[in-house]
$ cat coords_11.tsv   # TSV, C-alpha atoms
chain	number	residue	atom	x	y	z
A	1	MET	CA	-126.75	-66.25	168.96
A	2	PRO	CA	-122.95	-66.55	168.89
A	3	VAL	CA	-121.25	-67.20	172.21
A	4	ASN	CA	-118.53	-64.57	171.72
A	5	LEU	CA	-120.42	-61.44	170.82
A	6	ASP	CA	-118.37	-58.46	169.75
A	7	PRO	CA	-118.88	-55.47	172.07
A	8	ASP	CA	-120.71	-53.53	169.36
A	9	ALA	CA	-123.17	-56.36	168.82
A	10	THR	CA	-123.81	-56.37	172.57
A	11	LEU	CA	-124.52	-52.64	172.43
A	12	MET	CA	-126.81	-53.18	169.47
A	13	LEU	CA	-128.72	-55.90	171.30
A	14	ARG	CA	-129.21	-53.42	174.14
A	15	ALA	CA	-130.38	-50.82	171.62
A	16	LYS	CA	-132.79	-53.43	170.31
A	17	GLN	CA	-134.32	-53.50	173.79
A	18	GLY	CA	-134.79	-49.74	173.56
A	19	ASP	CA	-131.57	-48.69	175.32
A	20	GLY	CA	-130.89	-45.24	173.87
A	21	GLY	CA	-127.57	-44.93	175.70
A	22	ALA	CA	-126.20	-48.03	173.97
A	23	PHE	CA	-127.31	-46.68	170.62
A	24	THR	CA	-125.67	-43.31	171.33
A	25	GLU	CA	-122.41	-45.15	172.07
A	26	LEU	CA	-122.60	-46.86	168.70
A	27	VAL	CA	-123.29	-43.59	166.90
A	28	GLU	CA	-120.37	-41.93	168.64
A	29	LYS	CA	-118.05	-44.78	167.73
A	30	TYR	CA	-119.05	-45.15	164.10
A	31	LYS	CA	-120.04	-41.65	162.98
A	32	GLN	CA	-116.51	-40.93	161.72
A	33	PRO	CA	-116.01	-44.12	159.66
A	34	ILE	CA	-119.49	-43.79	158.18
A	35	MET	CA	-118.91	-40.15	157.34
A	36	ASN	CA	-115.58	-41.05	155.72
A	37	LEU	CA	-117.20	-43.67	153.52
A	38	ALA	CA	-120.17	-41.47	152.63
A	39	PHE	CA	-118.00	-38.45	151.90
A	40	ARG	CA	-115.56	-40.34	149.70
A	41	THR	CA	-118.44	-41.98	147.83
A	42	LEU	CA	-120.65	-38.93	147.36
A	43	ARG	CA	-117.95	-36.24	147.39
A	44	ASP	CA	-120.28	-33.73	148.98
A	45	LEU	CA	-120.08	-32.90	152.65
A	46	THR	CA	-123.73	-31.94	153.17
A	47	GLU	CA	-125.01	-35.02	151.37
A	48	ALA	CA	-122.53	-37.20	153.23
A	49	GLU	CA	-123.83	-35.82	156.55
A	50	ASP	CA	-127.42	-36.47	155.56
A	51	LEU	CA	-126.57	-39.97	154.40
A	52	ALA	CA	-124.58	-40.81	157.54
A	53	GLN	CA	-127.53	-39.58	159.61
A	54	ALA	CA	-129.90	-41.73	157.53
A	55	VAL	CA	-127.66	-44.76	158.12
A	56	PHE	CA	-128.05	-44.46	161.89
A	57	VAL	CA	-131.77	-43.78	161.64
A	58	GLN	CA	-132.10	-46.95	159.60
A	59	VAL	CA	-130.02	-48.88	162.13
A	60	TRP	CA	-132.39	-47.75	164.89
A	61	LYS	CA	-135.46	-48.61	162.85
A	62	ALA	CA	-134.02	-52.02	161.96
A	63	ALA	CA	-133.03	-52.72	165.58
A	64	PRO	CA	-136.09	-54.93	166.32
A	65	ARG	CA	-135.00	-57.27	163.52
A	66	TYR	CA	-131.29	-57.24	164.42
A	67	GLU	CA	-129.69	-60.64	164.99
A	68	ALA	CA	-126.08	-60.81	166.09
A	69	THR	CA	-125.12	-63.33	163.43
A	70	ALA	CA	-122.20	-61.26	162.13
A	71	LYS	CA	-120.02	-58.43	163.34
A	72	PHE	CA	-121.99	-55.25	163.94
A	73	SER	CA	-119.59	-53.21	161.79
A	74	THR	CA	-120.24	-55.51	158.81
A	75	TRP	CA	-123.99	-54.97	159.15
A	76	LEU	CA	-123.52	-51.23	159.61
A	77	PHE	CA	-121.25	-50.78	156.59
A	78	THR	CA	-123.62	-52.86	154.49
A	79	ILE	CA	-126.44	-50.45	155.33
A	80	ALA	CA	-124.16	-47.48	154.63
A	81	ARG	CA	-123.06	-48.89	151.29
A	82	ASN	CA	-126.63	-49.66	150.23
A	83	LEU	CA	-127.69	-46.10	151.01
A	84	CYS	CA	-124.68	-44.77	149.08
A	85	LEU	CA	-125.64	-46.92	146.09
A	86	ASN	CA	-129.23	-45.65	146.30
A	87	GLU	CA	-127.93	-42.09	146.26
A	88	ILE	CA	-125.68	-42.82	143.27
A	89	ARG	CA	-128.68	-44.33	141.44
A	90	ARG	CA	-130.81	-41.31	142.32
A	91	ARG	CA	-128.13	-39.03	140.88
A	92	THR	CA	-128.00	-41.12	137.72
A	93	ARG	CA	-131.77	-40.77	137.31
A	94	HIS	CA	-131.61	-37.02	138.00
A	95	PRO	CA	-128.30	-35.92	136.51
A	96	ALA	CA	-129.24	-32.22	136.73
A	97	GLY	CA	-128.73	-32.38	140.46
A	98	SER	CA	-125.48	-34.31	140.22
A	99	LEU	CA	-122.83	-32.99	142.49
A	100	ASP	CA	-120.17	-34.90	140.57
A	101	GLN	CA	-120.81	-32.51	137.76
A	102	THR	CA	-120.23	-29.57	140.05
A	103	ARG	CA	-117.05	-31.23	141.16
A	104	GLU	CA	-115.87	-31.56	137.57
A	105	ASP	CA	-116.48	-27.88	137.06
A	106	ALA	CA	-114.38	-27.12	140.07
A	107	GLU	CA	-111.75	-29.73	139.38
A	108	ASP	CA	-108.91	-27.63	140.65
A	109	GLN	CA	-110.64	-26.79	143.90
A	110	PRO	CA	-110.12	-28.83	147.06
A	111	LEU	CA	-112.95	-31.10	148.17
A	112	TYR	CA	-113.60	-29.06	151.28
A	113	GLN	CA	-111.91	-26.16	152.99
A	114	VAL	CA	-110.31	-26.57	156.35
A	115	GLU	CA	-109.51	-23.38	158.19
A	116	ASP	CA	-105.78	-22.78	158.22
A	117	LYS	CA	-104.94	-21.01	161.45
A	118	ARG	CA	-101.33	-20.35	160.59
A	119	VAL	CA	-100.24	-17.12	158.96
A	120	ALA	CA	-97.76	-18.64	156.52
A	121	PRO	CA	-98.31	-22.33	155.73
A	122	ALA	CA	-95.14	-24.33	155.36
A	123	SER	CA	-94.30	-25.66	151.91
A	124	GLU	CA	-94.55	-29.19	153.24
A	125	GLU	CA	-98.17	-28.58	154.11
A	126	LEU	CA	-98.83	-27.18	150.66
A	127	LEU	CA	-97.26	-30.26	149.13
A	128	ARG	CA	-99.27	-32.49	151.43
A	129	GLY	CA	-102.47	-30.68	150.46
A	130	GLU	CA	-101.70	-31.10	146.78
A	131	LEU	CA	-100.85	-34.77	147.17
A	132	VAL	CA	-103.94	-35.45	149.24
A	133	GLU	CA	-106.03	-33.78	146.57
A	134	LYS	CA	-104.47	-35.98	143.89
A	135	VAL	CA	-105.06	-39.11	145.94
A	136	GLU	CA	-108.68	-38.08	146.60
A	137	ALA	CA	-109.24	-37.43	142.89
A	138	ALA	CA	-107.70	-40.78	141.90
A	139	LEU	CA	-109.80	-42.52	144.54
A	140	ALA	CA	-112.93	-40.84	143.24
A	141	GLY	CA	-112.13	-42.11	139.75
A	142	LEU	CA	-112.27	-45.75	140.86
A	143	PRO	CA	-115.38	-47.89	140.31
A	144	GLU	CA	-117.59	-47.81	143.41
A	145	ASN	CA	-116.95	-51.42	144.49
A	146	GLN	CA	-113.16	-51.05	144.18
A	147	ARG	CA	-113.16	-47.78	146.10
A	148	THR	CA	-115.39	-49.13	148.88
A	149	ALA	CA	-113.29	-52.29	149.20
A	150	LEU	CA	-110.10	-50.25	149.41
A	151	LEU	CA	-111.48	-47.76	151.94
A	152	LEU	CA	-112.91	-50.47	154.17
A	153	CYS	CA	-109.63	-52.33	154.00
A	154	ARG	CA	-107.25	-49.47	154.65
A	155	GLN	CA	-109.19	-46.86	156.58
A	156	GLU	CA	-111.61	-48.97	158.58
A	157	GLU	CA	-109.36	-52.03	158.85
A	158	LEU	CA	-112.13	-54.52	158.16
A	159	SER	CA	-111.00	-58.06	157.42
A	160	TYR	CA	-111.28	-59.41	153.88
A	161	GLU	CA	-114.14	-61.64	155.01
A	162	GLU	CA	-116.03	-58.65	156.42
A	163	ILE	CA	-115.42	-56.58	153.29
A	164	ALA	CA	-116.65	-59.50	151.18
A	165	ALA	CA	-119.82	-59.61	153.30
A	166	VAL	CA	-120.39	-55.85	152.90
A	167	LEU	CA	-119.87	-56.02	149.13
A	168	GLY	CA	-121.80	-59.25	148.76
A	169	CYS	CA	-119.05	-61.04	146.85
A	170	SER	CA	-116.54	-63.83	147.41
A	171	LEU	CA	-113.28	-63.53	149.30
A	172	SER	CA	-111.20	-63.93	146.14
A	173	ALA	CA	-113.30	-61.34	144.31
A	174	THR	CA	-112.77	-58.92	147.20
A	175	LYS	CA	-109.00	-59.39	147.11
A	176	SER	CA	-109.09	-58.93	143.37
A	177	LEU	CA	-111.06	-55.67	143.73
A	178	ILE	CA	-108.54	-54.31	146.22
A	179	HIS	CA	-105.62	-55.39	144.07
A	180	ARG	CA	-107.09	-53.77	140.95
A	181	ALA	CA	-107.88	-50.59	142.84
A	182	ARG	CA	-104.31	-50.36	144.11
A	183	GLU	CA	-102.86	-51.04	140.67
A	184	THR	CA	-105.00	-48.26	139.18
A	185	LEU	CA	-104.00	-45.85	141.92
A	186	LYS	CA	-100.31	-46.70	141.54
A	187	LEU	CA	-100.55	-46.06	137.84
A	188	LYS	CA	-102.29	-42.72	138.30
A	189	LEU	CA	-100.25	-41.54	141.25
A	190	LYS	CA	-96.82	-42.91	140.45
A	191	PRO	CA	-95.20	-39.50	139.92
A	192	TYR	CA	-96.55	-38.28	143.26
A	193	LEU	CA	-95.78	-41.46	145.13
A	194	GLN	CA	-92.16	-41.35	144.02
A	195	THR	CA	-91.57	-37.96	145.63
A	196	GLY	CA	-90.58	-39.72	148.83
A	197	PHE	CA	-93.16	-37.74	150.79
A	198	TRP	CA	-95.21	-40.79	151.70
A	199	GLU	CA	-92.35	-42.98	152.84
A	200	GLU	CA	-93.30	-45.20	155.73
A	201	LYS	CA	-92.01	-43.66	158.95
A	202	LYS	CA	-89.37	-45.83	160.49
B	1	MET	CA	-94.89	-58.70	140.74
B	2	ASN	CA	-92.90	-61.20	142.75
B	3	PRO	CA	-95.12	-63.96	144.15
B	4	ASP	CA	-92.79	-64.48	147.12
B	5	PRO	CA	-95.02	-65.43	150.11
B	6	VAL	CA	-93.02	-63.31	152.56
B	7	TYR	CA	-93.37	-60.21	150.44
B	8	GLU	CA	-97.03	-60.97	149.63
B	9	ARG	CA	-97.87	-61.22	153.32
B	10	LEU	CA	-96.09	-57.98	154.16
B	11	ARG	CA	-97.67	-56.25	151.19
B	12	GLU	CA	-101.18	-57.30	152.20
B	13	LEU	CA	-100.49	-56.18	155.75
B	14	SER	CA	-99.33	-52.79	154.46
B	15	TRP	CA	-102.67	-52.43	152.66
B	16	ARG	CA	-104.48	-52.69	155.96
B	17	ARG	CA	-102.25	-50.85	158.45
B	18	PRO	CA	-98.77	-49.36	158.85
B	19	LEU	CA	-96.13	-52.06	159.22
B	20	THR	CA	-94.70	-52.60	162.68
B	21	ALA	CA	-90.97	-52.15	163.30
B	22	ALA	CA	-90.49	-55.92	163.17
B	23	GLU	CA	-92.39	-56.19	159.89
B	24	GLN	CA	-90.40	-53.31	158.41
B	25	ALA	CA	-87.17	-55.02	159.41
B	26	GLN	CA	-88.41	-58.22	157.79
B	27	LEU	CA	-89.21	-56.28	154.64
B	28	GLN	CA	-85.75	-54.67	154.59
B	29	THR	CA	-84.17	-58.10	154.92
B	30	TRP	CA	-86.27	-59.36	152.04
B	31	LEU	CA	-85.34	-56.30	149.97
B	32	ARG	CA	-81.63	-56.92	150.50
B	33	ALA	CA	-82.15	-60.33	148.90
B	34	HIS	CA	-84.34	-58.86	146.14
B	35	PRO	CA	-82.90	-55.42	145.34
B	36	GLU	CA	-84.67	-55.38	141.95
B	37	ALA	CA	-88.01	-55.07	143.76
B	38	GLN	CA	-86.97	-51.91	145.62
B	39	PRO	CA	-88.74	-49.32	143.38
B	40	GLU	CA	-92.00	-51.31	143.28
B	41	VAL	CA	-91.99	-51.84	147.05
B	42	GLU	CA	-91.39	-48.14	147.63
B	43	VAL	CA	-94.38	-47.23	145.49
B	44	GLU	CA	-96.52	-49.86	147.28
B	45	LEU	CA	-95.58	-48.52	150.70
B	46	ALA	CA	-96.03	-44.91	149.61
B	47	LEU	CA	-99.53	-45.67	148.34
B	48	ALA	CA	-100.41	-47.44	151.57
B	49	GLN	CA	-99.11	-44.46	153.52
B	50	ALA	CA	-100.98	-41.99	151.30
B	51	LEU	CA	-104.27	-43.84	151.68
B	52	GLY	CA	-103.77	-44.20	155.41
B	53	SER	CA	-103.12	-40.51	155.92
B	54	LEU	CA	-106.12	-39.18	154.03
B	55	PRO	CA	-107.88	-36.61	156.22
B	56	ALA	CA	-111.04	-37.71	157.99
B	57	ALA	CA	-114.25	-36.14	156.78
B	58	PRO	CA	-115.39	-33.44	159.20
B	59	VAL	CA	-118.26	-34.57	161.43
B	60	PRO	CA	-120.54	-31.90	162.94
B	61	SER	CA	-120.33	-31.70	166.73
B	62	ASN	CA	-124.11	-32.09	167.04
B	63	PHE	CA	-124.21	-35.14	164.75
B	64	THR	CA	-125.52	-37.56	167.40
B	65	ALA	CA	-128.18	-35.08	168.53
B	66	ARG	CA	-129.30	-34.68	164.94
B	67	VAL	CA	-129.55	-38.44	164.56
B	68	TRP	CA	-131.85	-38.58	167.59
B	69	GLN	CA	-133.95	-35.72	166.24
B	70	ALA	CA	-134.31	-37.55	162.93
B	71	ILE	CA	-135.31	-40.73	164.76
B	72	GLU	CA	-137.96	-38.88	166.78
B	73	ARG	CA	-139.29	-37.36	163.59
B	74	ALA	CA	-139.33	-40.77	161.91
B	75	ASP	CA	-141.19	-42.99	164.35
B	76	GLY	CA	-140.08	-42.91	167.94
B	77	PRO	CA	-138.59	-45.76	169.98
B	78	PRO	CA	-138.11	-49.22	168.50
B	79	ALA	CA	-140.34	-52.14	169.39
B	80	ARG	CA	-139.28	-54.59	172.03
B	81	ALA	CA	-137.40	-57.79	171.32
B	82	THR	CA	-140.44	-59.60	169.98
B	83	GLY	CA	-140.35	-57.32	166.97
B	84	TRP	CA	-144.15	-57.27	166.91
B	85	ARG	CA	-145.87	-53.96	167.47
B	86	PRO	CA	-149.63	-54.37	167.88
B	87	VAL	CA	-150.41	-50.68	167.34
B	88	GLY	CA	-148.22	-50.42	164.28
B	89	TRP	CA	-149.52	-53.74	162.98
B	90	TRP	CA	-153.16	-52.65	163.38
B	91	ARG	CA	-152.39	-49.24	161.91
B	92	GLY	CA	-151.03	-50.92	158.82
B	93	LEU	CA	-153.83	-53.48	158.51
B	94	PHE	CA	-156.84	-51.23	159.16
B	95	PRO	CA	-156.78	-49.25	155.89
B	96	ARG	CA	-156.38	-52.46	153.90
B	97	VAL	CA	-159.37	-54.08	155.62
B	98	ALA	CA	-161.42	-50.91	155.09
B	99	VAL	CA	-160.60	-50.75	151.39
B	100	ALA	CA	-161.33	-54.46	150.95
B	101	THR	CA	-164.71	-54.08	152.72
B	102	VAL	CA	-165.71	-51.14	150.51
B	103	VAL	CA	-164.69	-52.98	147.33
B	104	ILE	CA	-166.52	-56.19	148.29
B	105	GLY	CA	-169.63	-54.21	149.39
B	106	ALA	CA	-169.71	-52.28	146.14
B	107	GLY	CA	-169.33	-55.56	144.20
B	108	LEU	CA	-172.26	-57.13	146.07
B	109	LEU	CA	-174.46	-54.10	145.43
B	110	VAL	CA	-173.69	-54.14	141.71
B	111	TYR	CA	-174.40	-57.89	141.56
B	112	GLN	CA	-177.70	-57.52	143.41
B	113	HIS	CA	-178.72	-54.69	141.11
B	114	TYR	CA	-177.86	-56.82	138.08
B	115	GLU	CA	-179.81	-59.81	139.41
B	116	ALA	CA	-182.91	-57.66	140.09
B	117	GLY	CA	-182.71	-56.23	136.57
B	118	GLN	CA	-182.49	-59.72	135.10
B	119	GLN	CA	-185.60	-60.83	137.02
B	120	VAL	CA	-187.61	-57.81	135.89
B	121	ALA	CA	-186.62	-58.41	132.26
B	122	LEU	CA	-187.61	-62.08	132.53
B	123	MET	CA	-190.96	-61.18	134.01
B	124	LYS	CA	-191.64	-58.65	131.23
B	125	SER	CA	-190.87	-61.14	128.47
B	126	PHE	CA	-193.03	-63.78	130.15
B	127	LEU	CA	-195.93	-61.36	130.26
B	128	ALA	CA	-195.42	-60.43	126.61
B	129	VAL	CA	-195.47	-64.09	125.55
B	130	THR	CA	-198.56	-64.97	127.58
B	131	GLU	CA	-200.44	-61.96	126.17
B	132	SER	CA	-199.60	-62.61	122.50
B	133	THR	CA	-200.20	-66.40	122.47
B	134	SER	CA	-203.79	-66.63	123.70
B	135	LEU	CA	-205.54	-69.86	122.63
B	136	ALA	CA	-207.29	-69.90	119.23
B	137	ASP	CA	-211.02	-70.41	118.82
B	138	PRO	CA	-211.78	-74.20	118.89
B	139	LYS	CA	-213.90	-73.77	115.69
B	140	VAL	CA	-210.74	-73.04	113.74
B	141	ILE	CA	-209.45	-76.56	114.33
B	142	GLU	CA	-212.86	-78.26	113.95
B	143	ASP	CA	-211.88	-80.01	110.63
B	144	PHE	CA	-208.21	-80.50	111.62
B	145	GLU	CA	-208.28	-84.29	111.29
B	146	VAL	CA	-209.88	-84.11	107.80
B	147	ILE	CA	-207.38	-81.56	106.57
B	148	CYS	CA	-204.49	-83.67	107.82
B	149	GLN	CA	-205.75	-86.69	105.86
B	150	LEU	CA	-205.95	-84.79	102.56
B	151	ARG	CA	-203.42	-85.86	99.97
B	152	PRO	CA	-200.81	-83.34	99.07
B	153	PRO	CA	-201.97	-81.18	96.17
B	154	ILE	CA	-201.03	-82.33	92.73
B	155	LEU	CA	-198.55	-79.89	91.42
B	156	ALA	CA	-198.46	-78.94	87.72
B	157	ASP	CA	-195.81	-80.64	85.63
B	158	LYS	CA	-193.65	-77.62	85.01
B	159	GLU	CA	-191.30	-79.43	82.61
B	160	LEU	CA	-194.21	-80.57	80.38
B	161	LEU	CA	-195.69	-77.10	80.33
B	162	GLU	CA	-192.35	-75.63	79.33
B	163	LEU	CA	-192.01	-78.18	76.45
B	164	MET	CA	-195.51	-77.38	75.24
B	165	GLU	CA	-194.74	-73.73	75.12
$ encode --input "coords_11.tsv" --output "C-alpha cells"
Amino acid sequence: MPVNLDPDATLMLRAKQGDGGAFTELVEKYKQPIMNLAFRTLRDLTEAEDLAQAVFVQVWKAAPRYEATAKFSTWLFTIARNLCLNEIRRRTRHPAGSLDQTREDAEDQPLYQVEDKRVAPASEELLRGELVEKVEAALAGLPENQRTALLLCRQEELSYEEIAAVLGCSLSATKSLIHRARETLKLKLKPYLQTGFWEEKK
Amino acid sequence: MNPDPVYERLRELSWRRPLTAAEQAQLQTWLRAHPEAQPEVEVELALAQALGSLPAAPVPSNFTARVWQAIERADGPPARATGWRPVGWWRGLFPRVAVATVVIGAGLLVYQHYEAGQQVALMKSFLAVTESTSLADPKVIEDFEVICQLRPPILADKELLELME
C-alpha cells in the first residue's frame, strides 16, 4: 500500500471495511464528474443517471477487491468509461433503441432544457446557449477516446498519466488524442470561437 | 504551430485549467515577441474557455439515496477486508456440486446397466453354444484312424477326357 494515500483512497479503504458514511462521501464528491462524463458520452440524461448510479453500485460491489495502488479517481473513471463503452456497444447491437438517432432527428433542439426563470433572456445568454450547443455538438462528433481524454483533461483536471491509465494507452498517445480532439474542435468551431465571446477573463 | 517551449507549456496548461494572472502575463509577453501567432492563440484560448464553461449535467437531488437503494437491491453490504465471503462462496459452489453429483450418478447408473446387459448377453450365447455342440456318438468315430490313413481319391484326368471327346 502506498505511504501517501490520497484522501479518496482512504475513504475507499474505509468503504471496503463496510463504512457506508465514507462511501456516501465519495458518491457526493464524484456524482457530478461521473454524470458529466456519462451525459456527454451517452447524450441522454436518463441513461446518464442510470449509468452514473451503476458506476457507484459497481464501486461498492468491487470494494472488497479494492487496492489503493493508484489514485481513486483513476479507478473510478476507468469503471465509468468501461460502463459507457458497454452502453455504446449495446446501442450498436440494438440500433432501434439508439438515442443518438433520436438526437439526430432533433438536431436543432438543445440537449436538455433548463428552466429559465427570467422573463426576457438577455441576448448574451441566447448567444451563450447557441455557442454551448455548438460546442456540445462538436464534442459529440469526436471519437469516444478523444472526447473522453479531452473531458477528463479539461473538466475533471486529471493529469495526463491518470488519463492514460483510464484510457489504457501510453502517455504520448493520450497527448496525441487530446491534441487531435482540440484540432478537430478548432476546425469545427472556428467561426464561433472567433466571436470573442470566449475570451479568457483577465 | 510554433514549437516554442514557453508557448507549448502555457498552451497545455490552458487545456487543463484557466491560466493564472501570471501565466496570462507571460503569454502576453510571448505574444508581443510573436505577433504572428496572435490569431491562433486566441482561438486556442477561446476553445479552452468554451470547454471549461460547458454546463454541468444536472444531478438529481436524491442521487445518493438512489445509489444506496440500488446497492441494497443488488446484494447488501460488501464483505470484510479478507474479500472472502463464506456464505456467498458456498451459495455459488453448492449448485455446481449438486449438478456434478447428478451427472456422475447418472453416468454410473448407465454404465452399470450396460455392464449387466453385457453379462446377460454373454451368458445367453454361452448357453446357446453348449446346447448346440453336444458330443457326437463315439460309434461315429470308430473307424477314424482307418479313414485318416486312406489315400486321397484318384481324381479323373479331366484334360485326357476332354481330348478324347
$ interface_residues --input "coords_11.tsv" --of "chain B" --to "chain A" --cutoff "8 Å" --atoms "all atoms listed in the file" --output "MDAnalysis selection string"
chainID B and resid 15:18 21 24 42:52 54 56:59 63:64 66:68 70:71 77:83
$ write_last_selection --input "coords_11.tsv" --atoms "C-alpha atoms" --output "PDB file, in the frame of the given file"
ATOM      1  CA  TRP B  15    -102.670 -52.430 152.660  1.00  0.00           C
ATOM      2  CA  ARG B  16    -104.480 -52.690 155.960  1.00  0.00           C
ATOM      3  CA  ARG B  17    -102.250 -50.850 158.450  1.00  0.00           C
ATOM      4  CA  PRO B  18     -98.770 -49.360 158.850  1.00  0.00           C
ATOM      5  CA  ALA B  21     -90.970 -52.150 163.300  1.00  0.00           C
ATOM      6  CA  GLN B  24     -90.400 -53.310 158.410  1.00  0.00           C
ATOM      7  CA  GLU B  42     -91.390 -48.140 147.630  1.00  0.00           C
ATOM      8  CA  VAL B  43     -94.380 -47.230 145.490  1.00  0.00           C
ATOM      9  CA  GLU B  44     -96.520 -49.860 147.280  1.00  0.00           C
ATOM     10  CA  LEU B  45     -95.580 -48.520 150.700  1.00  0.00           C
ATOM     11  CA  ALA B  46     -96.030 -44.910 149.610  1.00  0.00           C
ATOM     12  CA  LEU B  47     -99.530 -45.670 148.340  1.00  0.00           C
ATOM     13  CA  ALA B  48    -100.410 -47.440 151.570  1.00  0.00           C
ATOM     14  CA  GLN B  49     -99.110 -44.460 153.520  1.00  0.00           C
ATOM     15  CA  ALA B  50    -100.980 -41.990 151.300  1.00  0.00           C
ATOM     16  CA  LEU B  51    -104.270 -43.840 151.680  1.00  0.00           C
ATOM     17  CA  GLY B  52    -103.770 -44.200 155.410  1.00  0.00           C
ATOM     18  CA  LEU B  54    -106.120 -39.180 154.030  1.00  0.00           C
ATOM     19  CA  ALA B  56    -111.040 -37.710 157.990  1.00  0.00           C
ATOM     20  CA  ALA B  57    -114.250 -36.140 156.780  1.00  0.00           C
ATOM     21  CA  PRO B  58    -115.390 -33.440 159.200  1.00  0.00           C
ATOM     22  CA  VAL B  59    -118.260 -34.570 161.430  1.00  0.00           C
ATOM     23  CA  PHE B  63    -124.210 -35.140 164.750  1.00  0.00           C
ATOM     24  CA  THR B  64    -125.520 -37.560 167.400  1.00  0.00           C
ATOM     25  CA  ARG B  66    -129.300 -34.680 164.940  1.00  0.00           C
ATOM     26  CA  VAL B  67    -129.550 -38.440 164.560  1.00  0.00           C
ATOM     27  CA  TRP B  68    -131.850 -38.580 167.590  1.00  0.00           C
ATOM     28  CA  ALA B  70    -134.310 -37.550 162.930  1.00  0.00           C
ATOM     29  CA  ILE B  71    -135.310 -40.730 164.760  1.00  0.00           C
ATOM     30  CA  PRO B  77    -138.590 -45.760 169.980  1.00  0.00           C
ATOM     31  CA  PRO B  78    -138.110 -49.220 168.500  1.00  0.00           C
ATOM     32  CA  ALA B  79    -140.340 -52.140 169.390  1.00  0.00           C
ATOM     33  CA  ARG B  80    -139.280 -54.590 172.030  1.00  0.00           C
ATOM     34  CA  ALA B  81    -137.400 -57.790 171.320  1.00  0.00           C
ATOM     35  CA  THR B  82    -140.440 -59.600 169.980  1.00  0.00           C
ATOM     36  CA  GLY B  83    -140.350 -57.320 166.970  1.00  0.00           C
TER      37      GLY B  83
END
$ closest_residue --input "coords_11.tsv" --among "A:Ser73, A:Thr92, A:Glu144, A:Ala164" --to "Ala181 (chain A)" --atoms "all atoms listed in the file"
A:Glu144
$ residues_around --input "coords_11.tsv" --residues "Leu51 (chain A)" --least-positions-apart "6" --cutoff "8 Å" --atoms "all atoms listed in the file" --output "list in words"
Ala38, Ala80, Leu83 and Cys84 of chain A
$ atom_distance --input "coords_11.tsv" --atom1 "CA of Leu76 (chain A)" --atom2 "CA of Gly21 (chain A)"
17.7 Å
$ atom_distance --input "coords_11.tsv" --atom1 "CA of Arg9 (chain B)" --atom2 "CA of Trp30 (chain B)"
11.8 Å
$ atom_distance --input "coords_11.tsv" --atom1 "CA of Ser176 (chain A)" --atom2 "CA of Ala9 (chain A)"
29.2 Å
$ residues_around --input "coords_11.tsv" --residues "Gln26 (chain B)" --least-positions-apart "6" --cutoff "12 Å" --atoms "only C-alpha atoms" --output "number ranges by chain"
B: 6-7, 9-11, 19-20, 32-33
$ residues_around --input "coords_11.tsv" --residues "Glu87 (chain A)" --least-positions-apart "4" --cutoff "10 Å" --atoms "all atoms listed in the file" --output "PyMOL selection string"
chain A and resi 41-42+47+51+81-83+91-93
$ build_atoms --input "coords_11.tsv" --residues "region 7-16 of chain B" --atoms "N, CA, C and O atoms" --output "short mmCIF file (atom, residue, chain, number, x, y, z; two decimals), keeping the file's coordinate frame"
data_model
loop_
_atom_site.label_atom_id
_atom_site.label_comp_id
_atom_site.auth_asym_id
_atom_site.auth_seq_id
_atom_site.Cartn_x
_atom_site.Cartn_y
_atom_site.Cartn_z
N TYR B 7 -93.05 -61.56 150.92
CA TYR B 7 -93.37 -60.21 150.44
C TYR B 7 -94.88 -60.03 150.30
O TYR B 7 -95.42 -58.98 150.67
N GLU B 8 -95.57 -61.06 149.80
CA GLU B 8 -97.03 -60.97 149.63
C GLU B 8 -97.72 -60.70 150.97
O GLU B 8 -98.64 -59.89 151.06
N ARG B 9 -97.25 -61.40 151.99
CA ARG B 9 -97.87 -61.22 153.32
C ARG B 9 -97.64 -59.80 153.83
O ARG B 9 -98.58 -59.14 154.29
N LEU B 10 -96.40 -59.33 153.67
CA LEU B 10 -96.09 -57.98 154.16
C LEU B 10 -96.85 -56.93 153.34
O LEU B 10 -97.29 -55.92 153.88
N ARG B 11 -96.97 -57.19 152.05
CA ARG B 11 -97.67 -56.25 151.19
C ARG B 11 -99.15 -56.15 151.59
O ARG B 11 -99.70 -55.06 151.72
N GLU B 12 -99.77 -57.31 151.80
CA GLU B 12 -101.18 -57.30 152.20
C GLU B 12 -101.37 -56.63 153.55
O GLU B 12 -102.36 -55.94 153.78
N LEU B 13 -100.40 -56.85 154.44
CA LEU B 13 -100.49 -56.18 155.75
C LEU B 13 -100.39 -54.66 155.58
O LEU B 13 -101.11 -53.91 156.24
N SER B 14 -99.52 -54.24 154.67
CA SER B 14 -99.33 -52.79 154.46
C SER B 14 -100.58 -52.15 153.86
O SER B 14 -100.79 -50.96 154.00
N TRP B 15 -101.40 -52.96 153.19
CA TRP B 15 -102.67 -52.43 152.66
C TRP B 15 -103.61 -52.07 153.80
O TRP B 15 -104.45 -51.20 153.67
N ARG B 16 -103.49 -52.83 154.88
CA ARG B 16 -104.48 -52.69 155.96
C ARG B 16 -104.04 -51.73 157.06
O ARG B 16 -104.86 -51.05 157.66
#
